[in-house]
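File shown: protein.txt (compact mmCIF, C-alpha atoms).
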```
# COMPACT_ATOMS: atom_id res chain seq x y z
CA MET A 1 -1.55 -18.50 37.78
CA THR A 2 -1.59 -18.06 34.05
CA LYS A 3 -2.65 -21.16 32.15
CA VAL A 4 -1.90 -21.59 28.45
CA LYS A 5 -4.96 -23.19 26.92
CA CYS A 6 -6.11 -24.17 23.50
CA GLY A 7 -9.65 -24.89 22.36
CA ILE A 8 -10.40 -25.89 18.80
CA SER A 9 -13.09 -27.67 16.78
CA MET A 10 -11.97 -30.80 14.98
CA SER A 11 -13.87 -33.27 12.81
CA LEU A 12 -13.92 -36.87 14.00
CA ASP A 13 -11.40 -37.65 11.26
CA GLY A 14 -8.98 -35.07 12.64
CA TYR A 15 -9.41 -32.02 10.39
CA VAL A 16 -9.68 -28.40 11.56
CA ALA A 17 -10.44 -27.15 8.04
CA GLY A 18 -11.81 -28.78 4.91
CA PRO A 19 -9.98 -29.24 1.61
CA GLU A 20 -9.19 -26.39 -0.83
CA PRO A 21 -9.22 -23.32 1.44
CA SER A 22 -9.59 -20.03 -0.45
CA LEU A 23 -10.24 -16.36 0.19
CA GLU A 24 -13.96 -17.06 -0.21
CA GLN A 25 -13.84 -20.21 1.93
CA PRO A 26 -11.00 -19.76 4.43
CA LEU A 27 -12.10 -22.96 6.23
CA GLY A 28 -12.13 -24.98 3.01
CA VAL A 29 -14.94 -27.03 1.51
CA GLY A 30 -17.34 -28.07 4.28
CA GLY A 31 -15.19 -26.48 6.98
CA GLU A 32 -17.94 -24.14 8.20
CA GLN A 33 -19.74 -27.22 9.56
CA LEU A 34 -17.00 -27.43 12.20
CA HIS A 35 -18.38 -24.33 13.88
CA GLU A 36 -22.14 -24.79 13.51
CA TRP A 37 -22.37 -26.01 17.11
CA VAL A 38 -20.78 -22.80 18.46
CA VAL A 39 -22.13 -20.00 16.28
CA LYS A 40 -25.70 -20.83 17.28
CA LEU A 41 -24.94 -20.48 21.00
CA ALA A 42 -26.09 -17.42 22.94
CA ALA A 43 -22.73 -17.42 24.77
CA TRP A 44 -20.83 -17.13 21.48
CA ARG A 45 -23.22 -14.53 20.06
CA ARG A 46 -22.92 -12.33 23.17
CA ALA A 47 -19.11 -12.45 22.89
CA HIS A 48 -19.45 -11.28 19.28
CA GLY A 49 -21.89 -8.48 20.13
CA ARG A 50 -24.97 -10.28 18.82
CA GLU A 51 -28.30 -11.09 20.42
CA GLY A 52 -30.27 -14.31 20.57
CA GLY A 53 -28.98 -17.83 20.27
CA GLU A 54 -29.42 -21.13 22.07
CA GLU A 55 -28.35 -22.72 25.33
CA THR A 56 -26.95 -26.25 25.08
CA ALA A 57 -24.56 -28.36 27.12
CA SER A 58 -21.83 -26.58 25.14
CA SER A 59 -22.75 -23.16 26.63
CA ALA A 60 -20.84 -23.60 29.88
CA VAL A 61 -17.79 -24.94 28.02
CA VAL A 62 -17.70 -21.87 25.77
CA GLU A 63 -18.32 -19.44 28.62
CA ARG A 64 -15.42 -20.88 30.60
CA ARG A 65 -13.18 -20.86 27.55
CA LEU A 66 -13.84 -17.20 26.84
CA ALA A 67 -13.58 -16.14 30.48
CA GLY A 68 -10.32 -15.02 31.96
CA VAL A 69 -8.33 -14.81 28.73
CA GLY A 70 -5.80 -11.98 28.82
CA ALA A 71 -3.99 -12.59 25.53
CA HIS A 72 -4.27 -14.69 22.38
CA VAL A 73 -1.61 -16.36 20.25
CA MET A 74 -2.38 -17.38 16.69
CA GLY A 75 -0.72 -18.37 13.44
CA ARG A 76 -0.41 -16.12 10.43
CA ASP A 77 -3.17 -17.97 8.54
CA MET A 78 -5.67 -17.55 11.33
CA PHE A 79 -5.02 -13.82 11.42
CA GLY A 80 -5.44 -13.78 7.67
CA GLY A 81 -1.97 -14.22 6.30
CA GLY A 82 -0.40 -16.28 3.62
CA PRO A 83 3.22 -16.60 2.61
CA GLY A 84 5.35 -13.58 1.74
CA PRO A 85 5.84 -10.14 3.26
CA TRP A 86 2.88 -8.17 4.62
CA SER A 87 3.69 -5.24 2.31
CA GLU A 88 2.36 -7.32 -0.57
CA ARG A 89 -1.05 -7.34 1.04
CA GLU A 90 -1.34 -4.07 2.98
CA PRO A 91 -3.73 -2.51 3.70
CA TRP A 92 -5.03 -5.88 4.82
CA ASN A 93 -6.26 -6.16 8.35
CA GLY A 94 -7.01 -9.87 8.46
CA TRP A 95 -10.22 -11.86 8.51
CA TRP A 96 -11.62 -10.30 11.64
CA GLY A 97 -13.19 -6.99 10.58
CA GLU A 98 -13.17 -3.58 12.27
CA GLU A 99 -13.88 -4.99 15.72
CA PRO A 100 -12.23 -8.40 16.11
CA PRO A 101 -13.79 -10.65 18.77
CA PHE A 102 -10.63 -11.06 20.85
CA HIS A 103 -10.64 -7.87 22.95
CA THR A 104 -7.11 -8.59 24.18
CA PRO A 105 -3.64 -8.27 22.69
CA VAL A 106 -3.15 -10.93 20.00
CA PHE A 107 0.31 -12.26 19.13
CA VAL A 108 0.55 -13.46 15.53
CA LEU A 109 3.31 -15.91 14.55
CA THR A 110 4.88 -14.85 11.26
CA HIS A 111 8.22 -14.80 9.46
CA HIS A 112 7.63 -11.24 8.26
CA PRO A 113 7.88 -8.16 10.48
CA ARG A 114 4.98 -5.76 10.64
CA LYS A 115 4.07 -2.89 12.96
CA PRO A 116 1.33 -3.60 15.52
CA LEU A 117 -2.17 -3.25 14.09
CA GLU A 118 -4.62 -1.56 16.41
CA LEU A 119 -8.27 -2.22 15.72
CA ARG A 120 -11.28 -1.55 17.95
CA GLY A 121 -10.57 -3.38 21.23
CA THR A 122 -7.84 -5.64 19.84
CA THR A 123 -4.20 -4.99 18.98
CA PHE A 124 -2.39 -7.52 16.79
CA HIS A 125 1.35 -7.86 17.43
CA PHE A 126 3.45 -9.65 14.82
CA VAL A 127 6.11 -11.89 16.34
CA THR A 128 8.97 -13.07 14.13
CA ASP A 129 11.20 -14.81 16.66
CA GLY A 130 9.27 -18.01 17.22
CA VAL A 131 6.57 -19.60 19.30
CA GLU A 132 8.40 -19.46 22.63
CA ALA A 133 8.90 -15.70 22.23
CA ALA A 134 5.25 -15.25 21.28
CA LEU A 135 4.11 -17.20 24.34
CA ALA A 136 6.44 -15.22 26.60
CA ARG A 137 5.05 -11.92 25.31
CA ALA A 138 1.48 -13.20 25.60
CA ARG A 139 2.06 -14.34 29.19
CA GLU A 140 3.43 -10.93 30.06
CA ALA A 141 0.48 -9.18 28.44
CA ALA A 142 -2.03 -11.50 30.14
CA GLY A 143 -0.79 -10.80 33.66
CA ASP A 144 -2.76 -13.11 35.97
CA ARG A 145 -5.16 -14.09 33.24
CA ASP A 146 -4.86 -17.01 30.81
CA VAL A 147 -3.30 -17.20 27.36
CA ALA A 148 -5.40 -18.76 24.60
CA VAL A 149 -3.66 -20.42 21.66
CA SER A 150 -6.38 -20.02 19.06
CA GLY A 151 -5.05 -21.83 15.96
CA GLY A 152 -4.42 -22.77 13.31
CA ALA A 153 -3.15 -26.31 13.36
CA ASP A 154 0.51 -25.36 12.87
CA ALA A 155 0.56 -22.94 15.79
CA ILE A 156 -1.10 -25.49 18.09
CA ARG A 157 1.27 -28.28 17.01
CA GLN A 158 4.27 -26.03 17.62
CA CYS A 159 3.01 -25.22 21.12
CA LEU A 160 2.31 -28.88 21.89
CA ALA A 161 5.67 -30.08 20.60
CA ALA A 162 7.49 -27.38 22.61
CA GLY A 163 5.63 -28.33 25.81
CA LEU A 164 4.02 -24.90 26.04
CA LEU A 165 0.36 -25.91 26.49
CA ASP A 166 -1.24 -26.52 29.87
CA GLU A 167 -4.70 -27.46 28.65
CA LEU A 168 -6.08 -28.84 25.41
CA GLN A 169 -9.81 -28.63 24.73
CA LEU A 170 -10.94 -30.45 21.61
CA ASP A 171 -14.46 -30.00 20.32
CA VAL A 172 -14.92 -33.22 18.38
CA VAL A 173 -17.65 -32.56 15.84
CA ALA A 174 -19.82 -35.45 14.60
CA LEU A 175 -18.55 -34.96 11.09
CA LEU A 176 -16.20 -36.65 8.63
CA LEU A 177 -14.58 -34.07 6.34
CA GLY A 178 -12.60 -36.69 4.42
CA GLY A 179 -9.70 -34.31 3.76
CA GLY A 180 -8.32 -30.87 4.62
CA THR A 181 -5.97 -29.54 7.29
CA ARG A 182 -5.17 -32.01 10.04
CA LEU A 183 -4.73 -30.78 13.58
CA PHE A 184 -2.19 -33.44 14.51
CA GLY A 185 0.91 -34.64 12.75
CA GLU A 186 4.31 -35.89 13.78
CA LEU A 187 5.04 -34.68 17.30
CA GLY A 188 8.50 -36.19 17.66
CA ALA A 189 9.71 -39.13 19.70
CA ALA A 190 8.41 -37.93 23.07
CA PRO A 191 4.97 -36.43 22.59
CA PRO A 192 3.46 -34.70 25.64
CA GLN A 193 1.29 -36.76 27.97
CA LEU A 194 -2.39 -36.08 28.59
CA ASP A 195 -4.72 -36.41 31.58
CA GLN A 196 -8.36 -36.51 30.57
CA THR A 197 -9.95 -34.10 33.04
CA GLU A 198 -13.45 -33.52 31.69
CA VAL A 199 -15.81 -34.67 28.95
CA VAL A 200 -18.98 -32.81 27.98
CA SER A 201 -21.36 -34.32 25.47
CA ALA A 202 -23.60 -31.86 23.60
CA PRO A 203 -25.73 -31.99 20.44
CA GLY A 204 -23.45 -32.85 17.52
CA VAL A 205 -20.20 -32.28 19.42
CA THR A 206 -18.22 -33.72 22.33
CA HIS A 207 -15.84 -31.55 24.31
CA LEU A 208 -12.74 -33.44 25.41
CA ILE A 209 -10.64 -31.56 27.95
CA TYR A 210 -7.09 -32.63 28.83
CA ARG A 211 -4.37 -31.39 31.11
CA VAL A 212 -1.07 -31.53 29.22
CA THR A 213 1.82 -32.87 31.29
CA ARG A 214 5.44 -32.85 30.20
CA MET B 1 -31.91 -56.76 12.12
CA THR B 2 -28.20 -57.21 11.56
CA LYS B 3 -26.15 -54.11 12.28
CA VAL B 4 -22.62 -53.71 10.95
CA LYS B 5 -20.62 -52.10 13.70
CA CYS B 6 -17.04 -51.14 14.30
CA GLY B 7 -15.37 -50.39 17.60
CA ILE B 8 -11.73 -49.40 17.76
CA SER B 9 -9.30 -47.62 20.08
CA MET B 10 -7.68 -44.50 18.69
CA SER B 11 -5.22 -42.04 20.20
CA LEU B 12 -6.36 -38.44 20.43
CA ASP B 13 -4.06 -37.67 17.50
CA GLY B 14 -5.82 -40.26 15.34
CA TYR B 15 -3.55 -43.31 15.43
CA VAL B 16 -4.68 -46.92 15.89
CA ALA B 17 -1.09 -48.19 16.09
CA GLY B 18 2.23 -46.57 16.92
CA PRO B 19 5.21 -46.13 14.59
CA GLU B 20 7.45 -49.00 13.42
CA PRO B 21 5.20 -52.05 13.83
CA SER B 22 7.11 -55.34 13.89
CA LEU B 23 6.57 -59.02 14.64
CA GLU B 24 7.58 -58.30 18.25
CA GLN B 25 5.46 -55.14 18.48
CA PRO B 26 2.53 -55.58 16.08
CA LEU B 27 0.95 -52.38 17.45
CA GLY B 28 4.13 -50.35 16.96
CA VAL B 29 6.07 -48.32 19.49
CA GLY B 30 3.73 -47.26 22.29
CA GLY B 31 0.71 -48.85 20.60
CA GLU B 32 -0.06 -51.17 23.52
CA GLN B 33 -1.10 -48.09 25.50
CA LEU B 34 -4.14 -47.87 23.23
CA HIS B 35 -5.61 -50.96 24.87
CA GLU B 36 -4.63 -50.47 28.52
CA TRP B 37 -8.14 -49.24 29.32
CA VAL B 38 -9.73 -52.45 27.99
CA VAL B 39 -7.38 -55.27 28.98
CA LYS B 40 -7.80 -54.40 32.65
CA LEU B 41 -11.60 -54.75 32.50
CA ALA B 42 -13.33 -57.79 33.98
CA ALA B 43 -15.68 -57.79 30.95
CA TRP B 44 -12.74 -58.11 28.54
CA ARG B 45 -10.97 -60.72 30.69
CA ARG B 46 -14.11 -62.89 30.90
CA ALA B 47 -14.43 -62.81 27.10
CA HIS B 48 -10.82 -63.98 26.86
CA GLY B 49 -11.28 -66.77 29.43
CA ARG B 50 -9.49 -64.98 32.24
CA GLU B 51 -10.54 -64.13 35.78
CA GLY B 52 -10.36 -60.91 37.74
CA GLY B 53 -10.25 -57.39 36.41
CA GLU B 54 -11.93 -54.06 37.08
CA GLU B 55 -15.31 -52.46 36.56
CA THR B 56 -15.27 -48.95 35.11
CA ALA B 57 -17.66 -46.84 33.07
CA SER B 58 -16.15 -48.64 30.06
CA SER B 59 -17.48 -52.04 31.21
CA ALA B 60 -21.00 -51.61 29.87
CA VAL B 61 -19.63 -50.28 26.55
CA VAL B 62 -17.44 -53.35 26.12
CA GLU B 63 -20.18 -55.78 27.19
CA ARG B 64 -22.59 -54.34 24.65
CA ARG B 65 -19.94 -54.39 21.94
CA LEU B 66 -19.14 -58.06 22.51
CA ALA B 67 -22.77 -59.11 22.84
CA GLY B 68 -24.77 -60.22 19.86
CA VAL B 69 -21.90 -60.45 17.39
CA GLY B 70 -22.40 -63.30 14.92
CA ALA B 71 -19.44 -62.71 12.60
CA HIS B 72 -16.28 -60.61 12.36
CA VAL B 73 -14.59 -58.97 9.38
CA MET B 74 -10.94 -57.96 9.56
CA GLY B 75 -8.01 -56.99 7.39
CA ARG B 76 -5.09 -59.24 6.62
CA ASP B 77 -2.78 -57.40 9.02
CA MET B 78 -5.14 -57.81 11.94
CA PHE B 79 -5.35 -61.55 11.34
CA GLY B 80 -1.57 -61.58 11.15
CA GLY B 81 -0.77 -61.15 7.49
CA GLY B 82 1.62 -59.11 5.51
CA PRO B 83 2.02 -58.79 1.76
CA GLY B 84 2.52 -61.82 -0.48
CA PRO B 85 0.93 -65.26 -0.68
CA TRP B 86 0.07 -67.24 2.44
CA SER B 87 2.20 -70.17 1.29
CA GLU B 88 5.29 -68.10 2.13
CA ARG B 89 4.23 -68.06 5.76
CA GLU B 90 2.36 -71.34 6.38
CA PRO B 91 2.06 -72.88 8.85
CA TRP B 92 1.15 -69.51 10.31
CA ASN B 93 -2.15 -69.20 12.11
CA GLY B 94 -2.12 -65.49 12.84
CA TRP B 95 -1.63 -63.48 16.01
CA TRP B 96 -4.51 -65.03 17.89
CA GLY B 97 -3.23 -68.33 19.29
CA GLU B 98 -4.91 -71.74 19.59
CA GLU B 99 -8.20 -70.31 20.81
CA PRO B 100 -8.84 -66.91 19.24
CA PRO B 101 -11.20 -64.64 21.20
CA PHE B 102 -13.75 -64.23 18.40
CA HIS B 103 -15.85 -67.42 18.78
CA THR B 104 -17.63 -66.70 15.48
CA PRO B 105 -16.71 -67.06 11.81
CA VAL B 106 -14.12 -64.39 10.89
CA PHE B 107 -13.81 -63.10 7.32
CA VAL B 108 -10.30 -61.90 6.51
CA LEU B 109 -9.76 -59.46 3.61
CA THR B 110 -6.78 -60.55 1.53
CA HIS B 111 -5.54 -60.62 -2.05
CA HIS B 112 -4.28 -64.18 -1.65
CA PRO B 113 -6.51 -67.25 -1.52
CA ARG B 114 -6.22 -69.66 1.39
CA LYS B 115 -8.38 -72.50 2.68
CA PRO B 116 -10.44 -71.78 5.78
CA LEU B 117 -8.49 -72.10 9.01
CA GLU B 118 -10.39 -73.78 11.81
CA LEU B 119 -9.11 -73.11 15.31
CA ARG B 120 -10.84 -73.75 18.62
CA GLY B 121 -14.20 -71.91 18.45
CA THR B 122 -13.24 -69.66 15.53
CA THR B 123 -12.97 -70.34 11.80
CA PHE B 124 -11.09 -67.82 9.65
CA HIS B 125 -12.33 -67.50 6.06
CA PHE B 126 -10.07 -65.74 3.56
CA VAL B 127 -11.99 -63.49 1.17
CA THR B 128 -10.27 -62.36 -2.03
CA ASP B 129 -13.12 -60.59 -3.84
CA GLY B 130 -13.34 -57.39 -1.86
CA VAL B 131 -14.97 -55.77 1.14
CA GLU B 132 -18.55 -55.91 -0.14
CA ALA B 133 -18.26 -59.67 -0.67
CA ALA B 134 -16.72 -60.12 2.78
CA LEU B 135 -19.55 -58.15 4.39
CA ALA B 136 -22.17 -60.13 2.46
CA ARG B 137 -20.69 -63.43 3.65
CA ALA B 138 -20.39 -62.13 7.20
CA ARG B 139 -24.03 -60.98 7.21
CA GLU B 140 -25.12 -64.39 6.03
CA ALA B 141 -23.04 -66.14 8.68
CA ALA B 142 -24.30 -63.78 11.40
CA GLY B 143 -27.99 -64.47 10.77
CA ASP B 144 -29.96 -62.15 13.07
CA ARG B 145 -26.85 -61.17 14.98
CA ASP B 146 -24.49 -58.27 14.28
CA VAL B 147 -21.35 -58.10 12.18
CA ALA B 148 -18.27 -56.54 13.81
CA VAL B 149 -15.64 -54.90 11.61
CA SER B 150 -12.64 -55.28 13.88
CA GLY B 151 -9.82 -53.50 12.03
CA GLY B 152 -7.27 -52.57 10.99
CA ALA B 153 -7.52 -49.03 9.75
CA ASP B 154 -7.63 -50.02 6.06
CA ALA B 155 -10.54 -52.42 6.49
CA ILE B 156 -12.52 -49.85 8.49
CA ARG B 157 -11.82 -47.08 5.97
CA GLN B 158 -12.91 -49.34 3.10
CA CYS B 159 -16.16 -50.13 4.90
CA LEU B 160 -16.79 -46.46 5.71
CA ALA B 161 -16.05 -45.27 2.19
CA ALA B 162 -18.33 -47.97 0.73
CA GLY B 163 -21.19 -47.01 3.07
CA LEU B 164 -21.18 -50.44 4.71
CA LEU B 165 -21.03 -49.42 8.38
CA ASP B 166 -24.11 -48.76 10.51
CA GLU B 167 -22.35 -47.83 13.72
CA LEU B 168 -18.92 -46.44 14.55
CA GLN B 169 -17.65 -46.64 18.12
CA LEU B 170 -14.39 -44.83 18.74
CA ASP B 171 -12.56 -45.27 22.00
CA VAL B 172 -10.56 -42.05 22.13
CA VAL B 173 -7.61 -42.72 24.42
CA ALA B 174 -6.03 -39.83 26.35
CA LEU B 175 -2.76 -40.35 24.54
CA LEU B 176 -0.70 -38.67 21.82
CA LEU B 177 1.28 -41.27 19.86
CA GLY B 178 2.87 -38.66 17.60
CA GLY B 179 3.04 -41.05 14.63
CA GLY B 180 1.96 -44.48 13.42
CA THR B 181 -1.05 -45.82 11.54
CA ARG B 182 -3.88 -43.35 11.17
CA LEU B 183 -7.45 -44.56 11.31
CA PHE B 184 -8.76 -41.91 8.95
CA GLY B 185 -7.53 -40.70 5.60
CA GLU B 186 -9.08 -39.49 2.41
CA LEU B 187 -12.68 -40.68 2.24
CA GLY B 188 -13.59 -39.17 -1.13
CA ALA B 189 -15.79 -36.22 -2.02
CA ALA B 190 -18.91 -37.40 -0.17
CA PRO B 191 -17.88 -38.90 3.17
CA PRO B 192 -20.65 -40.60 5.15
CA GLN B 193 -22.60 -38.54 7.66
CA LEU B 194 -22.62 -39.20 11.38
CA ASP B 195 -25.19 -38.86 14.15
CA GLN B 196 -23.62 -38.74 17.59
CA THR B 197 -25.82 -41.13 19.57
CA GLU B 198 -23.93 -41.69 22.82
CA VAL B 199 -20.84 -40.55 24.70
CA VAL B 200 -19.38 -42.41 27.68
CA SER B 201 -16.52 -40.89 29.62
CA ALA B 202 -14.33 -43.35 31.54
CA PRO B 203 -10.86 -43.24 33.14
CA GLY B 204 -8.34 -42.39 30.41
CA VAL B 205 -10.74 -42.96 27.53
CA THR B 206 -13.91 -41.52 26.02
CA HIS B 207 -16.27 -43.71 24.00
CA LEU B 208 -17.84 -41.81 21.11
CA ILE B 209 -20.70 -43.69 19.44
CA TYR B 210 -22.12 -42.62 16.08
CA ARG B 211 -24.81 -43.87 13.76
CA VAL B 212 -23.47 -43.75 10.21
CA THR B 213 -25.96 -42.42 7.67
CA ARG B 214 -25.47 -42.43 3.94
```

Starting from the file, lay out its structure as structure tokens.
Amino acid sequence: MTKVKCGISMSLDGYVAGPEPSLEQPLGVGGEQLHEWVVKLAAWRRAHGREGGEETASSAVVERRLAGVGAHVMGRDMFGGGPGPWSEREPWNGWWGEEPPFHTPVFVLTHHPRKPLELRGTTFHFVTDGVEAALARAREAAGDRDVAVSGGADAIRQCLAAGLLDELQLDVVALLLGGGTRLFGELGAAPPQLDQTEVVSAPGVTHLIYRVTR
Amino acid sequence: MTKVKCGISMSLDGYVAGPEPSLEQPLGVGGEQLHEWVVKLAAWRRAHGREGGEETASSAVVERRLAGVGAHVMGRDMFGGGPGPWSEREPWNGWWGEEPPFHTPVFVLTHHPRKPLELRGTTFHFVTDGVEAALARAREAAGDRDVAVSGGADAIRQCLAAGLLDELQLDVVALLLGGGTRLFGELGAAPPQLDQTEVVSAPGVTHLIYRVTR
């Protein structure tokens, strides 16, 4: 059965990006450190068409996370957005280059309509009618496979608050960013409940895996 | 050599107390859930003069944390404060009852002077000249033993920002509080660096232990 899962790197102080994000530094000052643990892994490099890399206790976590995903959902900023209509930025195909690493349909949450964008192996669909609609379309596209909610923080919070996530995987990086974009904020009076199902400790990062119950 | 260490329970979304703290609910709405993992442990109950309790993977973490502590440092709110001079509240001996569980000198950070308060096994000293002075006095009182910075969030953040902590132990509880008092906030442009030294996974909680480097 399709599972809706979310995996994201967070600093110990709760940030998924550093302060002052910009076109040059989309993850903000110091934010690249959040992903040092993953970009050096052979499992991550293979998924991005690169050779080499290391094996650590994180390898199996990443392999399982990448496996069996049939569709992605992400926020406008993670695609490479910003406020305002797309026409102000076109031709702008996001952060992800000619061959994005998703290799599935990707549903982008946005307030501004745009025709689907087909790149090598990945088609981005722009969804303007909310997170529940995006998840429904992603589930349909994924068939029996899983849906990955990839980020950013807003998209994940919306999914959590709406009870749409089945699994939350936090990669807690041994890092204090001291400011930036927080993953968590107000979740309302009845936040979802969590069952801690697995913990994997690896160099510089701990993977905390929870089942989300309603 | 004396180590300055801090151990505190935090929800996955970064809160050390729930929303709307009050005299009746000093940990805010839902905040008691942060300590369910510890109050059921035999190790915790023994330290509080009670019998019974469970053994879990958390037991050894708690035993080590309690062992070898020669002095505590805490914020006014953790002692049982609030803004304004103590004279407005005296006789008020804090949250901790006739026999507080510390059994060492405790240095309380406050803006308002007050004579030391001697209760059974624990003397509270009220320090008005800042966190560095409180730590210096606690180190002296502890001798060869360790100093524990017990909370709340403000006191821990001040110690972190001033580079006064040697070890940070976070008990990440499988819980979303959705609001309340955050442990972490702005830490300035050069937050301290962390080395992840140990991870212990236990029912409903993961203990993340870091060495703090400057």

Ranking B:Leu194, B:Leu66, B:Phe184, B:Arg139 by minimum distance to Gln158 (chain B) and counting all atoms listed in the file, which one comes first?
B:Phe184

Return as a PyMOL selection string the residues belonging to chain B that are within 7 Å of chain A, counting all atoms listed in the file.
chain B and resi 13-14+174-179+184-188+191-196+199+201+204

Could you pull out every residue with an atom within 9 Å of (-18.0, -56.2, 4.2), file coordinates, counting all atoms listed in the file, and send them as an mmCIF file with C-alpha atoms, in the frame of the given file?
```
data_model
loop_
_atom_site.group_PDB
_atom_site.id
_atom_site.type_symbol
_atom_site.label_atom_id
_atom_site.label_comp_id
_atom_site.auth_asym_id
_atom_site.auth_seq_id
_atom_site.Cartn_x
_atom_site.Cartn_y
_atom_site.Cartn_z
ATOM 1 C CA VAL B 4 -22.620 -53.710 10.950
ATOM 2 C CA VAL B 73 -14.590 -58.970 9.380
ATOM 3 C CA PHE B 107 -13.810 -63.100 7.320
ATOM 4 C CA LEU B 109 -9.760 -59.460 3.610
ATOM 5 C CA GLY B 130 -13.340 -57.390 -1.860
ATOM 6 C CA VAL B 131 -14.970 -55.770 1.140
ATOM 7 C CA GLU B 132 -18.550 -55.910 -0.140
ATOM 8 C CA ALA B 133 -18.260 -59.670 -0.670
ATOM 9 C CA ALA B 134 -16.720 -60.120 2.780
ATOM 10 C CA LEU B 135 -19.550 -58.150 4.390
ATOM 11 C CA ALA B 136 -22.170 -60.130 2.460
ATOM 12 C CA ARG B 137 -20.690 -63.430 3.650
ATOM 13 C CA ALA B 138 -20.390 -62.130 7.200
ATOM 14 C CA ARG B 139 -24.030 -60.980 7.210
ATOM 15 C CA VAL B 147 -21.350 -58.100 12.180
ATOM 16 C CA VAL B 149 -15.640 -54.900 11.610
ATOM 17 C CA ALA B 155 -10.540 -52.420 6.490
ATOM 18 C CA GLN B 158 -12.910 -49.340 3.100
ATOM 19 C CA CYS B 159 -16.160 -50.130 4.900
ATOM 20 C CA ALA B 162 -18.330 -47.970 0.730
ATOM 21 C CA LEU B 164 -21.180 -50.440 4.710
ATOM 22 C CA LEU B 165 -21.030 -49.420 8.380
#
```

For Leu117 (chain B), find every residue with an atom within 12 Å (counting only C-alpha atoms), except residues of its own chain fewer than 5 positions away, and show them as a CSV table (one decimal) with C-alpha atoms, in the coordinates of the input.
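Result file follows (part.csv):
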```csv
chain,number,residue,atom,x,y,z
B,79,PHE,CA,-5.4,-61.6,11.3
B,86,TRP,CA,0.1,-67.2,2.4
B,90,GLU,CA,2.4,-71.3,6.4
B,91,PRO,CA,2.1,-72.9,8.8
B,92,TRP,CA,1.2,-69.5,10.3
B,93,ASN,CA,-2.2,-69.2,12.1
B,94,GLY,CA,-2.1,-65.5,12.8
B,98,GLU,CA,-4.9,-71.7,19.6
B,99,GLU,CA,-8.2,-70.3,20.8
B,100,PRO,CA,-8.8,-66.9,19.2
B,105,PRO,CA,-16.7,-67.1,11.8
B,106,VAL,CA,-14.1,-64.4,10.9
B,107,PHE,CA,-13.8,-63.1,7.3
B,108,VAL,CA,-10.3,-61.9,6.5
B,122,THR,CA,-13.2,-69.7,15.5
B,123,THR,CA,-13.0,-70.3,11.8
B,124,PHE,CA,-11.1,-67.8,9.6
B,125,HIS,CA,-12.3,-67.5,6.1
B,126,PHE,CA,-10.1,-65.7,3.6
```

Pairwise distance, CA of Gly68 (chain B) with CA of Arg114 (chain B), equals 27.8 Å

Mind giving me the straight-line distance from CA of Pro85 (chain B) to CA of Cys6 (chain B) in Å, one decimal?
27.3 Å

Record the distance separating CA of Gly75 (chain A) and CA of Trp96 (chain A), expressed in Å with one decimal.
13.7 Å

Which of these residues is nearest to Leu168 (chain A), using all atoms listed in the file: A:Arg76, A:Arg50, A:Arg65, A:Arg145?
A:Arg65

Residue among B:Glu118, B:Glu32, B:Glu167, B:Asp146 lying closest to Gly18 (chain B), counting all atoms listed in the file
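Once distances to Gly18 (chain B) are computed over all atoms listed in the file, the minimum belongs to B:Glu32.
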